[in-house]
Amino acid sequence: GNTYGNVGMVWGYRVISPDTPYAEGVAFENKEWTKTVVFMGDGDNVSGGYSAYANNSPSASQLDSRFLETCANMKADGITIYTISFDGGSGISQETKDMFEQCASSTDKYYDSGTEDIADAFENIANHLSQLHITK
């Protein structure tokens, strides 16, 4: 409960951005670098209780819209997005799984994993990423 996937995705975006608060990232236009974010979530966006928005908690559908908007902005900046819906008993809904798949850069970058196959999902992502290499 009390999942705010959009907040996690925004912070992933900020960490690799060339802008503050983490200004160490290279420019999005720099073709010598590939930027990738791996997002894993185990629950539906839920409004209420704990909130990243103080006393003004947005609805679950608003949180979903913000998540997808962030994904679209990241992809427009050339960021590759891998998403994993992890159902280790949390009861993540099919709607959230569909949203994660929509967020991913392509359908082969979305993984629907349970406890038994989560390691396989990360191994596949690592294999994709290891195909990148350093050039001079």
# chains A, B, ... in the order shown; residues from 1 in each chain; ligands from 1
>>> residues_around(residues="range 20-31 of chain A", least_positions_apart="3", cutoff="9 Å", atoms="only C-alpha atoms", output="PDB file with N, CA, C and O atoms, in the first residue's frame")
ATOM      1  N   ARG A  14      15.854  12.201 -12.386  1.00  0.00           N
ATOM      2  CA  ARG A  14      16.720  13.265 -11.854  1.00  0.00           C
ATOM      3  C   ARG A  14      18.166  12.805 -11.682  1.00  0.00           C
ATOM      4  O   ARG A  14      19.102  13.570 -11.919  1.00  0.00           O
ATOM      5  N   VAL A  15      18.352  11.574 -11.260  1.00  0.00           N
ATOM      6  CA  VAL A  15      19.708  11.076 -11.000  1.00  0.00           C
ATOM      7  C   VAL A  15      20.552  11.060 -12.267  1.00  0.00           C
ATOM      8  O   VAL A  15      21.747  11.347 -12.220  1.00  0.00           O
ATOM      9  N   ILE A  16      19.963  10.763 -13.415  1.00  0.00           N
ATOM     10  CA  ILE A  16      20.748  10.701 -14.647  1.00  0.00           C
ATOM     11  C   ILE A  16      20.653  11.968 -15.484  1.00  0.00           C
ATOM     12  O   ILE A  16      21.222  12.044 -16.566  1.00  0.00           O
ATOM     13  N   SER A  17      19.969  12.955 -14.967  1.00  0.00           N
ATOM     14  CA  SER A  17      19.807  14.223 -15.668  1.00  0.00           C
ATOM     15  C   SER A  17      21.045  15.107 -15.504  1.00  0.00           C
ATOM     16  O   SER A  17      21.744  15.023 -14.502  1.00  0.00           O
ATOM     17  N   THR A  34      24.748   6.295 -23.225  1.00  0.00           N
ATOM     18  CA  THR A  34      23.391   5.772 -23.242  1.00  0.00           C
ATOM     19  C   THR A  34      22.863   5.807 -21.821  1.00  0.00           C
ATOM     20  O   THR A  34      23.534   5.325 -20.902  1.00  0.00           O
ATOM     21  N   LYS A  35      21.694   6.388 -21.645  1.00  0.00           N
ATOM     22  CA  LYS A  35      21.107   6.481 -20.305  1.00  0.00           C
ATOM     23  C   LYS A  35      19.980   5.459 -20.190  1.00  0.00           C
ATOM     24  O   LYS A  35      19.127   5.355 -21.057  1.00  0.00           O
ATOM     25  N   ASP A  77      13.603  12.131 -24.059  1.00  0.00           N
ATOM     26  CA  ASP A  77      14.993  12.539 -23.828  1.00  0.00           C
ATOM     27  C   ASP A  77      15.986  11.443 -24.211  1.00  0.00           C
ATOM     28  O   ASP A  77      17.181  11.570 -23.962  1.00  0.00           O
ATOM     29  N   GLY A  78      15.502  10.344 -24.785  1.00  0.00           N
ATOM     30  CA  GLY A  78      16.387   9.279 -25.251  1.00  0.00           C
ATOM     31  C   GLY A  78      16.774   8.267 -24.194  1.00  0.00           C
ATOM     32  O   GLY A  78      17.692   7.469 -24.412  1.00  0.00           O
ATOM     33  N   ILE A  79      16.110   8.268 -23.064  1.00  0.00           N
ATOM     34  CA  ILE A  79      16.418   7.329 -21.987  1.00  0.00           C
ATOM     35  C   ILE A  79      15.749   5.992 -22.287  1.00  0.00           C
ATOM     36  O   ILE A  79      14.579   5.937 -22.665  1.00  0.00           O
TER      37      ILE A  79
END
>>> select_by_dssp(residues="chain A", states="strand (DSSP E or B)", output="ChimeraX atom specification")
/A:3,36-41,45,80-87,110-114
>>> atom_distance(atom1="CA of Ser57 in chain A", atom2="CA of Gly8 in chain A")
16.0 Å
>>> select_by_dssp(residues="chain A", states="helix (DSSP H, G or I)", output="PyMOL selection string")
chain A and resi 5-16+60-76+94-103+107-109+118-130
>>> atom_distance(atom1="CA of Phe67 in chain A", atom2="CA of Ile118 in chain A")
22.3 Å
>>> closest_residue(among="A:Cys103, A:Phe122, A:Ser93, A:Leu129", to="Met74 in chain A", atoms="only C-alpha atoms")
A:Cys103
>>> atom_distance(atom1="CA of Thr80 in chain A", atom2="CA of Ser130 in chain A")
13.9 Å
>>> residues_around(residues="Ser105 in chain A", least_positions_apart="2", cutoff="10 Å", atoms="only C-alpha atoms", output="PyMOL selection string")
chain A and resi 36+71-72+74-75+78-83+101-103+107-110
>>> residues_around(residues="Gly12 in chain A", least_positions_apart="5", cutoff="9 Å", atoms="only C-alpha atoms", output="MDAnalysis selection string")
chainID A and resid 7 17 37:39
>>> closest_residue(among="A:Glu123, A:Asp117, A:Ile84, A:Thr3", to="Ser59 in chain A", atoms="only C-alpha atoms")
A:Thr3
>>> residues_around(residues="Asp120 in chain A", least_positions_apart="6", cutoff="10 Å", atoms="only C-alpha atoms", output="PDB file with N, CA and C atoms, in the first residue's frame")
ATOM      1  N   TYR A 111       9.143  -6.711 -17.864  1.00  0.00           N
ATOM      2  CA  TYR A 111       9.166  -8.036 -17.248  1.00  0.00           C
ATOM      3  C   TYR A 111       8.084  -8.114 -16.182  1.00  0.00           C
ATOM      4  N   SER A 113       7.359 -10.385 -13.204  1.00  0.00           N
ATOM      5  CA  SER A 113       8.113 -11.389 -12.458  1.00  0.00           C
ATOM      6  C   SER A 113       7.486 -11.685 -11.113  1.00  0.00           C
ATOM      7  N   ALA A 126      20.670  -7.219 -17.501  1.00  0.00           N
ATOM      8  CA  ALA A 126      22.135  -7.105 -17.455  1.00  0.00           C
ATOM      9  C   ALA A 126      22.755  -7.550 -18.769  1.00  0.00           C
TER      10      ALA A 126
END
>>> closest_residue(among="A:Gly41, A:Ser65, A:Ala60, A:Thr70", to="Lys97 in chain A", atoms="only C-alpha atoms")
A:Gly41
>>> closest_residue(among="A:Asn6, A:Asn73, A:Ser106, A:Asn127", to="Asn45 in chain A", atoms="only C-alpha atoms")
A:Asn6
